[in-house]
$ cat final-v5.cif   # mmCIF, C-alpha atoms
data_run
loop_
_atom_site.label_atom_id
_atom_site.label_comp_id
_atom_site.auth_asym_id
_atom_site.auth_seq_id
_atom_site.Cartn_x
_atom_site.Cartn_y
_atom_site.Cartn_z
CA MET A 274 89.79 102.94 110.47
CA ARG A 275 93.24 103.85 109.16
CA GLN A 276 93.32 106.38 106.33
CA LYS A 277 94.81 105.14 103.09
CA LEU A 278 98.01 106.93 102.06
CA VAL A 279 99.88 106.86 98.76
CA ILE A 280 103.28 108.58 98.56
CA GLY A 281 105.23 109.10 95.36
CA ASN A 282 109.02 108.79 95.54
CA TRP A 283 110.44 110.58 92.51
CA LYS A 284 113.98 109.44 93.34
CA MET A 285 116.51 111.38 91.18
CA HIS A 286 114.03 112.31 88.46
CA GLY A 287 112.41 115.56 87.49
CA SER A 288 112.84 119.01 85.98
CA LEU A 289 110.98 122.26 86.54
CA ALA A 290 108.90 121.72 83.42
CA THR A 291 108.07 118.04 83.89
CA ASN A 292 107.38 118.54 87.60
CA GLU A 293 104.91 121.33 86.87
CA ALA A 294 102.97 119.18 84.44
CA LEU A 295 102.99 116.23 86.85
CA LEU A 296 101.91 118.24 89.89
CA ASN A 297 99.21 120.10 87.99
CA GLY A 298 97.86 116.76 86.78
CA ILE A 299 97.82 115.30 90.27
CA LYS A 300 96.26 118.26 92.05
CA ALA A 301 93.56 118.72 89.41
CA ALA A 302 92.04 115.32 90.17
CA SER A 303 90.75 113.65 93.29
CA ALA A 304 91.75 110.35 94.82
CA SER A 305 90.24 108.15 97.48
CA ALA A 306 93.57 108.00 99.35
CA ARG A 307 95.61 110.82 100.83
CA LEU A 308 98.35 111.67 98.33
CA ALA A 309 101.87 112.99 98.84
CA VAL A 310 105.00 113.37 96.73
CA CYS A 311 108.60 113.13 97.94
CA ALA A 312 110.69 115.24 95.57
CA PRO A 313 114.43 115.92 95.23
CA PHE A 314 115.55 118.74 97.54
CA PRO A 315 115.88 121.44 94.82
CA TYR A 316 112.22 121.04 93.90
CA LEU A 317 110.65 121.38 97.35
CA GLY A 318 110.03 125.07 96.75
CA GLN A 319 108.23 124.25 93.52
CA CYS A 320 106.11 121.66 95.33
CA GLN A 321 105.25 124.22 97.99
CA ALA A 322 104.28 126.81 95.39
CA LEU A 323 102.10 124.47 93.34
CA LEU A 324 100.56 122.32 96.07
CA THR A 325 99.83 124.74 98.93
CA GLY A 326 96.09 124.80 99.49
CA THR A 327 95.51 121.50 97.67
CA GLN A 328 94.83 118.01 99.01
CA VAL A 329 98.32 116.82 98.01
CA ALA A 330 101.13 116.92 100.57
CA TRP A 331 104.86 116.94 99.83
CA GLY A 332 108.07 115.87 101.46
CA ALA A 333 111.73 114.95 101.02
CA GLN A 334 113.52 111.74 100.18
CA ASP A 335 115.95 112.03 103.08
CA VAL A 336 116.79 114.20 106.08
CA SER A 337 119.94 114.70 108.11
CA ALA A 338 120.27 113.19 111.57
CA GLU A 339 122.10 116.39 112.53
CA ALA A 340 120.33 119.58 113.57
CA ARG A 341 122.82 122.00 111.97
CA GLY A 342 126.54 122.56 111.54
CA ALA A 343 129.49 121.66 109.32
CA PHE A 344 127.85 118.83 107.40
CA THR A 345 128.39 119.68 103.75
CA GLY A 346 125.72 118.28 101.48
CA GLU A 347 123.28 117.50 104.28
CA VAL A 348 119.80 119.01 104.60
CA ALA A 349 118.35 119.67 108.05
CA ALA A 350 114.81 118.90 109.15
CA SER A 351 114.39 122.58 110.08
CA MET A 352 115.09 123.48 106.44
CA LEU A 353 112.53 120.98 105.17
CA ALA A 354 109.96 122.41 107.58
CA GLU A 355 110.48 125.89 106.13
CA PHE A 356 109.36 124.52 102.77
CA GLY A 357 106.23 123.01 104.27
CA ALA A 358 107.40 119.40 104.00
CA SER A 359 105.02 117.00 105.72
CA TYR A 360 107.03 113.81 105.15
CA ALA A 361 110.62 112.62 104.91
CA LEU A 362 111.68 109.18 103.76
CA VAL A 363 114.24 107.61 106.09
CA GLY A 364 116.09 104.35 105.59
CA HIS A 365 115.14 103.73 101.98
CA SER A 366 117.08 100.68 100.76
CA GLU A 367 119.00 102.83 98.29
CA ARG A 368 120.23 104.99 101.18
CA ARG A 369 121.08 101.94 103.26
CA SER A 370 122.89 100.26 100.36
CA TYR A 371 124.60 103.11 98.48
CA HIS A 372 125.29 105.37 101.46
CA GLY A 373 125.89 102.81 104.19
CA GLU A 374 123.15 104.01 106.50
CA SER A 375 122.84 101.86 109.60
CA ASP A 376 119.67 101.03 111.50
CA ALA A 377 120.82 103.44 114.23
CA THR A 378 121.28 106.24 111.69
CA VAL A 379 117.79 105.65 110.33
CA ALA A 380 116.34 105.86 113.84
CA ALA A 381 118.25 109.10 114.49
CA LYS A 382 116.88 110.60 111.28
CA ALA A 383 113.35 109.63 112.28
CA LEU A 384 113.81 111.37 115.62
CA ARG A 385 115.15 114.52 113.95
CA ALA A 386 112.22 114.68 111.53
CA LEU A 387 109.73 114.33 114.38
CA GLU A 388 111.43 117.15 116.26
CA PHE A 389 110.35 119.53 113.49
CA GLY A 390 106.85 118.16 112.95
CA ILE A 391 107.75 116.10 109.88
CA VAL A 392 106.40 112.56 109.57
CA PRO A 393 109.24 110.10 108.96
CA VAL A 394 108.37 107.33 106.54
CA VAL A 395 110.58 104.57 107.91
CA CYS A 396 111.52 102.10 105.18
CA VAL A 397 112.41 98.46 105.88
CA GLY A 398 112.98 95.54 103.55
CA GLU A 399 115.05 92.47 102.76
CA THR A 400 117.18 91.50 99.77
CA LEU A 401 116.39 88.53 97.57
CA ALA A 402 119.21 86.54 99.16
CA GLU A 403 117.83 87.28 102.63
CA ARG A 404 114.32 86.22 101.61
CA GLU A 405 115.56 83.00 100.02
CA ALA A 406 117.51 82.26 103.20
CA GLY A 407 114.33 82.63 105.26
CA GLN A 408 115.63 85.78 106.95
CA THR A 409 112.85 88.22 106.02
CA GLU A 410 111.39 88.59 109.51
CA ALA A 411 114.82 88.72 111.13
CA VAL A 412 115.96 91.50 108.80
CA VAL A 413 112.88 93.73 108.88
CA GLY A 414 112.47 93.03 112.59
CA ARG A 415 116.02 94.24 113.26
CA GLN A 416 115.49 97.35 111.13
CA LEU A 417 112.24 98.16 112.94
CA GLN A 418 113.64 97.41 116.39
CA ALA A 419 116.18 100.24 116.13
CA VAL A 420 113.29 102.66 115.70
CA LEU A 421 111.23 101.06 118.47
CA ASP A 422 114.20 101.41 120.82
CA ALA A 423 114.84 105.07 119.94
CA LEU A 424 111.30 106.50 119.95
CA SER A 425 108.84 107.02 122.76
CA VAL A 426 105.33 105.61 122.38
CA GLU A 427 104.07 109.12 121.58
CA GLN A 428 106.72 109.56 118.89
CA LEU A 429 106.07 106.09 117.50
CA GLY A 430 102.46 107.10 117.02
CA ARG A 431 103.53 109.80 114.55
CA ILE A 432 105.53 107.72 112.06
CA VAL A 433 104.59 105.86 108.90
CA LEU A 434 106.16 102.47 108.20
CA ALA A 435 106.93 101.29 104.66
CA TYR A 436 107.81 97.72 103.73
CA GLU A 437 109.83 97.67 100.52
CA PRO A 438 111.40 94.33 99.63
CA VAL A 439 114.68 95.28 97.96
CA TRP A 440 114.21 92.59 95.33
CA ALA A 441 110.98 94.24 94.14
CA ILE A 442 112.16 97.86 93.84
CA GLY A 443 112.43 98.91 90.22
CA THR A 444 112.77 95.31 89.08
CA GLY A 445 109.25 94.75 87.84
CA LYS A 446 108.90 91.99 90.43
CA THR A 447 106.23 92.48 93.04
CA ALA A 448 105.64 90.59 96.24
CA SER A 449 102.37 88.72 96.04
CA SER A 450 99.57 90.20 98.09
CA ALA A 451 99.92 87.27 100.50
CA GLN A 452 103.69 87.75 100.84
CA ALA A 453 103.31 91.48 101.45
CA GLN A 454 100.46 90.99 103.93
CA ALA A 455 102.48 88.44 105.90
CA VAL A 456 105.33 90.91 106.41
CA HIS A 457 102.99 93.79 107.22
CA ALA A 458 101.18 91.64 109.80
CA PHE A 459 104.54 90.72 111.34
CA LEU A 460 105.60 94.38 111.51
CA ARG A 461 102.30 95.41 113.07
CA SER A 462 102.66 92.67 115.67
CA ARG A 463 106.12 93.97 116.58
CA VAL A 464 104.75 97.48 117.04
CA ALA A 465 101.82 96.07 119.03
CA ALA A 466 104.27 94.45 121.44
CA ARG A 467 105.31 98.02 122.29
CA ASP A 468 101.83 99.57 122.18
CA ALA A 469 98.69 97.98 120.76
CA GLY A 470 96.92 101.28 120.18
CA VAL A 471 99.81 102.72 118.18
CA ALA A 472 99.99 99.53 116.11
CA GLU A 473 96.30 99.71 115.28
CA ARG A 474 96.56 103.35 114.15
CA MET A 475 99.89 103.19 112.32
CA ALA A 476 99.80 103.50 108.52
CA MET A 477 101.92 100.79 106.90
CA LEU A 478 102.68 101.13 103.21
CA TYR A 479 103.90 98.63 100.64
CA GLY A 480 106.44 99.63 98.01
CA GLY A 481 108.01 97.65 95.21
CA SER A 482 106.85 97.85 91.59
CA VAL A 483 103.32 98.92 92.53
CA LYS A 484 101.30 99.71 89.41
CA PRO A 485 97.67 100.55 88.64
CA ASP A 486 96.97 96.92 87.73
CA ASN A 487 98.23 95.38 90.98
CA ALA A 488 97.51 98.15 93.50
CA ALA A 489 93.92 97.21 94.31
CA GLU A 490 94.80 93.65 95.28
CA LEU A 491 97.74 94.77 97.42
CA PHE A 492 95.76 97.52 99.14
CA SER A 493 92.89 95.14 99.90
CA MET A 494 95.06 93.29 102.42
CA PRO A 495 94.08 94.05 106.03
CA ASP A 496 97.47 95.38 107.13
CA ILE A 497 98.45 97.29 103.96
CA ASP A 498 97.31 100.89 104.18
CA GLY A 499 98.65 102.25 100.90
CA GLY A 500 101.84 102.47 98.92
CA LEU A 501 105.22 104.10 98.51
CA ILE A 502 105.37 104.42 94.74
CA GLY A 503 108.48 104.80 92.60
CA GLY A 504 108.31 104.79 88.81
CA ALA A 505 104.52 104.94 88.59
CA SER A 506 104.52 108.19 90.58
CA LEU A 507 106.16 109.99 87.63
CA LYS A 508 102.99 109.72 85.53
CA SER A 509 99.99 111.56 86.95
CA GLU A 510 97.50 109.11 85.42
CA ASP A 511 99.22 106.09 86.95
CA PHE A 512 99.74 107.77 90.32
CA LEU A 513 96.10 108.83 90.53
CA ALA A 514 94.94 105.38 89.46
CA ILE A 515 96.96 103.88 92.31
CA GLY A 516 95.53 106.49 94.68
CA ASN A 517 92.03 105.41 93.66
CA ALA A 518 92.79 101.71 94.05
#
$ encode --input "final-v5.cif" --output "structure tokens"
Amino acid sequence: MRQKLVIGNWKMHGSLATNEALLNGIKAASASARLAVCAPFPYLGQCQALLTGTQVAWGAQDVSAEARGAFTGEVAASMLAEFGASYALVGHSERRSYHGESDATVAAKALRALEFGIVPVVCVGETLAEREAGQTEAVVGRQLQAVLDALSVEQLGRIVLAYEPVWAIGTGKTASSAQAQAVHAFLRSRVAARDAGVAERMAMLYGGSVKPDNAAELFSMPDIDGGLIGGASLKSEDFLAIGNA
């Protein structure tokens, strides 16, 4: 049985004081799912200091596809590993949209994270226009295929996949449990075409306006193994409630 996983994506939020209160609140309680937080780069040291030895893991919101060199503003996977990062988000829709990241770039970032023992959380998702045009499977299938083409079966077995419909991120709109399950089942079938065992073991998360009051229904779907949580991850009570859903 796949372990449930709930990851908080703080995006560009936080301060030393608010982070300390949030992390202390999260680590002081227990949750039925594995919990992790993906913090802005400057706060990874704080996460390491406060969360080492607890049940809560931490990671980054991005990682460079490059190993090292003259890439001003980039952060290497080797650097994240030194701060004990377990996860790195790759291909979040905000990176794809605002920073022009291609499917190939996302796959390269996933490979680089794996090289340093970091689990890439590969994000896929369609816009509202793409969904209304009936292109959901074509879009997320294309985004996933770049990763399937770049990774070996062994490497594929070490990633997490996150479906985040762009139209549901930060909008208050949430895909229905049936809509989300349909896409997750499609994604799992695409992975299964490469390797059925990997597909069965792979954690697939849903993200997009997940809240304590809708998490249980979403997480009850057979192919949804947890969530990638935005705004609700900034309140320890809400994040823990989702983790216990």
$ atom_distance --input "final-v5.cif" --atom1 "CA of Ala455 in chain A" --atom2 "CA of Glu490 in chain A"
14.1 Å
$ atom_distance --input "final-v5.cif" --atom1 "CA of Leu460 in chain A" --atom2 "CA of Leu513 in chain A"
27.2 Å
$ closest_residue --input "final-v5.cif" --among "A:Leu434, A:Leu353, A:Leu401, A:Ala466" --to "Pro315 in chain A" --atoms "only C-alpha atoms"
A:Leu353
$ resolve_selection --input "final-v5.cif" --expression "the PyMOL selection byres ((chain A and resi 437) around 10)" --output "ChimeraX atom specification"
/A:365-366,396-400,413,434-436,438-442,447-448,453,478-482,500-502
$ write_last_selection --input "final-v5.cif" --atoms "C-alpha atoms" --output "PDB file, in the coordinates of the input"
ATOM      1  CA  HIS A 365     115.140 103.730 101.980  1.00  0.00           C
ATOM      2  CA  SER A 366     117.080 100.680 100.760  1.00  0.00           C
ATOM      3  CA  CYS A 396     111.520 102.100 105.180  1.00  0.00           C
ATOM      4  CA  VAL A 397     112.410  98.460 105.880  1.00  0.00           C
ATOM      5  CA  GLY A 398     112.980  95.540 103.550  1.00  0.00           C
ATOM      6  CA  GLU A 399     115.050  92.470 102.760  1.00  0.00           C
ATOM      7  CA  THR A 400     117.180  91.500  99.770  1.00  0.00           C
ATOM      8  CA  VAL A 413     112.880  93.730 108.880  1.00  0.00           C
ATOM      9  CA  LEU A 434     106.160 102.470 108.200  1.00  0.00           C
ATOM     10  CA  ALA A 435     106.930 101.290 104.660  1.00  0.00           C
ATOM     11  CA  TYR A 436     107.810  97.720 103.730  1.00  0.00           C
ATOM     12  CA  PRO A 438     111.400  94.330  99.630  1.00  0.00           C
ATOM     13  CA  VAL A 439     114.680  95.280  97.960  1.00  0.00           C
ATOM     14  CA  TRP A 440     114.210  92.590  95.330  1.00  0.00           C
ATOM     15  CA  ALA A 441     110.980  94.240  94.140  1.00  0.00           C
ATOM     16  CA  ILE A 442     112.160  97.860  93.840  1.00  0.00           C
ATOM     17  CA  THR A 447     106.230  92.480  93.040  1.00  0.00           C
ATOM     18  CA  ALA A 448     105.640  90.590  96.240  1.00  0.00           C
ATOM     19  CA  ALA A 453     103.310  91.480 101.450  1.00  0.00           C
ATOM     20  CA  LEU A 478     102.680 101.130 103.210  1.00  0.00           C
ATOM     21  CA  TYR A 479     103.900  98.630 100.640  1.00  0.00           C
ATOM     22  CA  GLY A 480     106.440  99.630  98.010  1.00  0.00           C
ATOM     23  CA  GLY A 481     108.010  97.650  95.210  1.00  0.00           C
ATOM     24  CA  SER A 482     106.850  97.850  91.590  1.00  0.00           C
ATOM     25  CA  GLY A 500     101.840 102.470  98.920  1.00  0.00           C
ATOM     26  CA  LEU A 501     105.220 104.100  98.510  1.00  0.00           C
ATOM     27  CA  ILE A 502     105.370 104.420  94.740  1.00  0.00           C
TER      28      ILE A 502
END
$ resolve_selection --input "final-v5.cif" --expression "the PyMOL selection byres ((chain A and resi 324) around 12)" --output "number ranges by chain"
A: 292-293, 295-301, 308-310, 316-323, 325-332, 356-359
$ build_atoms --input "final-v5.cif" --residues "range 454-465 of chain A" --atoms "all heavy atoms" --output "PDB file, in the coordinates of the input"
ATOM      1  N   GLN A 454     101.303  90.978 102.732  1.00  0.00           N
ATOM      2  CA  GLN A 454     100.460  90.990 103.930  1.00  0.00           C
ATOM      3  C   GLN A 454     101.143  90.290 105.099  1.00  0.00           C
ATOM      4  O   GLN A 454     101.090  90.769 106.239  1.00  0.00           O
ATOM      5  CB  GLN A 454      99.107  90.326 103.630  1.00  0.00           C
ATOM      6  CG  GLN A 454      98.280  89.949 104.849  1.00  0.00           C
ATOM      7  CD  GLN A 454      97.949  91.124 105.755  1.00  0.00           C
ATOM      8  OE1 GLN A 454      97.942  92.280 105.327  1.00  0.00           O
ATOM      9  NE2 GLN A 454      97.676  90.842 107.028  1.00  0.00           N
ATOM     10  N   ALA A 455     101.818  89.184 104.824  1.00  0.00           N
ATOM     11  CA  ALA A 455     102.480  88.440 105.900  1.00  0.00           C
ATOM     12  C   ALA A 455     103.530  89.313 106.599  1.00  0.00           C
ATOM     13  O   ALA A 455     103.627  89.318 107.840  1.00  0.00           O
ATOM     14  CB  ALA A 455     103.113  87.173 105.353  1.00  0.00           C
ATOM     15  N   VAL A 456     104.299  90.059 105.814  1.00  0.00           N
ATOM     16  CA  VAL A 456     105.330  90.910 106.410  1.00  0.00           C
ATOM     17  C   VAL A 456     104.694  92.088 107.143  1.00  0.00           C
ATOM     18  O   VAL A 456     105.114  92.456 108.252  1.00  0.00           O
ATOM     19  CB  VAL A 456     106.335  91.391 105.354  1.00  0.00           C
ATOM     20  CG1 VAL A 456     107.381  92.314 105.987  1.00  0.00           C
ATOM     21  CG2 VAL A 456     107.024  90.201 104.691  1.00  0.00           C
ATOM     22  N   HIS A 457     103.670  92.683 106.553  1.00  0.00           N
ATOM     23  CA  HIS A 457     102.990  93.790 107.220  1.00  0.00           C
ATOM     24  C   HIS A 457     102.378  93.339 108.542  1.00  0.00           C
ATOM     25  O   HIS A 457     102.448  94.071 109.543  1.00  0.00           O
ATOM     26  CB  HIS A 457     101.894  94.359 106.307  1.00  0.00           C
ATOM     27  CG  HIS A 457     102.405  95.307 105.267  1.00  0.00           C
ATOM     28  ND1 HIS A 457     102.064  96.634 105.242  1.00  0.00           N
ATOM     29  CD2 HIS A 457     103.236  95.124 104.224  1.00  0.00           C
ATOM     30  CE1 HIS A 457     102.658  97.233 104.222  1.00  0.00           C
ATOM     31  NE2 HIS A 457     103.377  96.325 103.583  1.00  0.00           N
ATOM     32  N   ALA A 458     101.768  92.150 108.566  1.00  0.00           N
ATOM     33  CA  ALA A 458     101.180  91.640 109.800  1.00  0.00           C
ATOM     34  C   ALA A 458     102.267  91.419 110.857  1.00  0.00           C
ATOM     35  O   ALA A 458     102.063  91.711 112.049  1.00  0.00           O
ATOM     36  CB  ALA A 458     100.437  90.339 109.528  1.00  0.00           C
ATOM     37  N   PHE A 459     103.430  90.908 110.422  1.00  0.00           N
ATOM     38  CA  PHE A 459     104.540  90.720 111.340  1.00  0.00           C
ATOM     39  C   PHE A 459     105.002  92.059 111.923  1.00  0.00           C
ATOM     40  O   PHE A 459     105.208  92.190 113.137  1.00  0.00           O
ATOM     41  CB  PHE A 459     105.705  90.036 110.632  1.00  0.00           C
ATOM     42  CG  PHE A 459     106.993  90.051 111.396  1.00  0.00           C
ATOM     43  CD1 PHE A 459     107.179  89.235 112.490  1.00  0.00           C
ATOM     44  CD2 PHE A 459     108.022  90.920 111.029  1.00  0.00           C
ATOM     45  CE1 PHE A 459     108.372  89.266 113.217  1.00  0.00           C
ATOM     46  CE2 PHE A 459     109.213  90.959 111.738  1.00  0.00           C
ATOM     47  CZ  PHE A 459     109.385  90.125 112.846  1.00  0.00           C
ATOM     48  N   LEU A 460     105.164  93.064 111.046  1.00  0.00           N
ATOM     49  CA  LEU A 460     105.600  94.380 111.510  1.00  0.00           C
ATOM     50  C   LEU A 460     104.591  94.986 112.481  1.00  0.00           C
ATOM     51  O   LEU A 460     104.970  95.553 113.511  1.00  0.00           O
ATOM     52  CB  LEU A 460     105.802  95.317 110.313  1.00  0.00           C
ATOM     53  CG  LEU A 460     106.967  94.965 109.374  1.00  0.00           C
ATOM     54  CD1 LEU A 460     106.882  95.795 108.099  1.00  0.00           C
ATOM     55  CD2 LEU A 460     108.315  95.182 110.063  1.00  0.00           C
ATOM     56  N   ARG A 461     103.314  94.845 112.180  1.00  0.00           N
ATOM     57  CA  ARG A 461     102.300  95.410 113.070  1.00  0.00           C
ATOM     58  C   ARG A 461     102.326  94.703 114.429  1.00  0.00           C
ATOM     59  O   ARG A 461     102.122  95.325 115.474  1.00  0.00           O
ATOM     60  CB  ARG A 461     100.908  95.332 112.436  1.00  0.00           C
ATOM     61  CG  ARG A 461      99.937  96.349 113.043  1.00  0.00           C
ATOM     62  CD  ARG A 461      98.578  96.375 112.342  1.00  0.00           C
ATOM     63  NE  ARG A 461      98.626  96.773 110.957  1.00  0.00           N
ATOM     64  CZ  ARG A 461      98.716  98.029 110.525  1.00  0.00           C
ATOM     65  NH1 ARG A 461      98.793  99.022 111.392  1.00  0.00           N
ATOM     66  NH2 ARG A 461      98.729  98.286 109.230  1.00  0.00           N
ATOM     67  N   SER A 462     102.590  93.401 114.403  1.00  0.00           N
ATOM     68  CA  SER A 462     102.660  92.670 115.670  1.00  0.00           C
ATOM     69  C   SER A 462     103.847  93.137 116.506  1.00  0.00           C
ATOM     70  O   SER A 462     103.755  93.194 117.740  1.00  0.00           O
ATOM     71  CB  SER A 462     102.750  91.162 115.416  1.00  0.00           C
ATOM     72  OG  SER A 462     104.017  90.784 114.900  1.00  0.00           O
ATOM     73  N   ARG A 463     104.942  93.479 115.849  1.00  0.00           N
ATOM     74  CA  ARG A 463     106.120  93.970 116.580  1.00  0.00           C
ATOM     75  C   ARG A 463     105.833  95.339 117.203  1.00  0.00           C
ATOM     76  O   ARG A 463     106.263  95.624 118.324  1.00  0.00           O
ATOM     77  CB  ARG A 463     107.333  94.040 115.652  1.00  0.00           C
ATOM     78  CG  ARG A 463     107.888  92.697 115.240  1.00  0.00           C
ATOM     79  CD  ARG A 463     108.532  91.964 116.420  1.00  0.00           C
ATOM     80  NE  ARG A 463     109.729  92.625 116.879  1.00  0.00           N
ATOM     81  CZ  ARG A 463     110.963  92.304 116.468  1.00  0.00           C
ATOM     82  NH1 ARG A 463     111.148  91.323 115.602  1.00  0.00           N
ATOM     83  NH2 ARG A 463     112.013  92.946 116.933  1.00  0.00           N
ATOM     84  N   VAL A 464     105.129  96.184 116.467  1.00  0.00           N
ATOM     85  CA  VAL A 464     104.750  97.480 117.040  1.00  0.00           C
ATOM     86  C   VAL A 464     103.750  97.272 118.175  1.00  0.00           C
ATOM     87  O   VAL A 464     103.823  97.937 119.217  1.00  0.00           O
ATOM     88  CB  VAL A 464     104.160  98.403 115.951  1.00  0.00           C
ATOM     89  CG1 VAL A 464     103.695  99.724 116.573  1.00  0.00           C
ATOM     90  CG2 VAL A 464     105.176  98.672 114.844  1.00  0.00           C
ATOM     91  N   ALA A 465     102.834  96.328 117.999  1.00  0.00           N
ATOM     92  CA  ALA A 465     101.820  96.070 119.030  1.00  0.00           C
ATOM     93  C   ALA A 465     102.449  95.582 120.324  1.00  0.00           C
ATOM     94  O   ALA A 465     101.910  95.835 121.413  1.00  0.00           O
ATOM     95  CB  ALA A 465     100.817  95.037 118.513  1.00  0.00           C
TER      96      ALA A 465
END
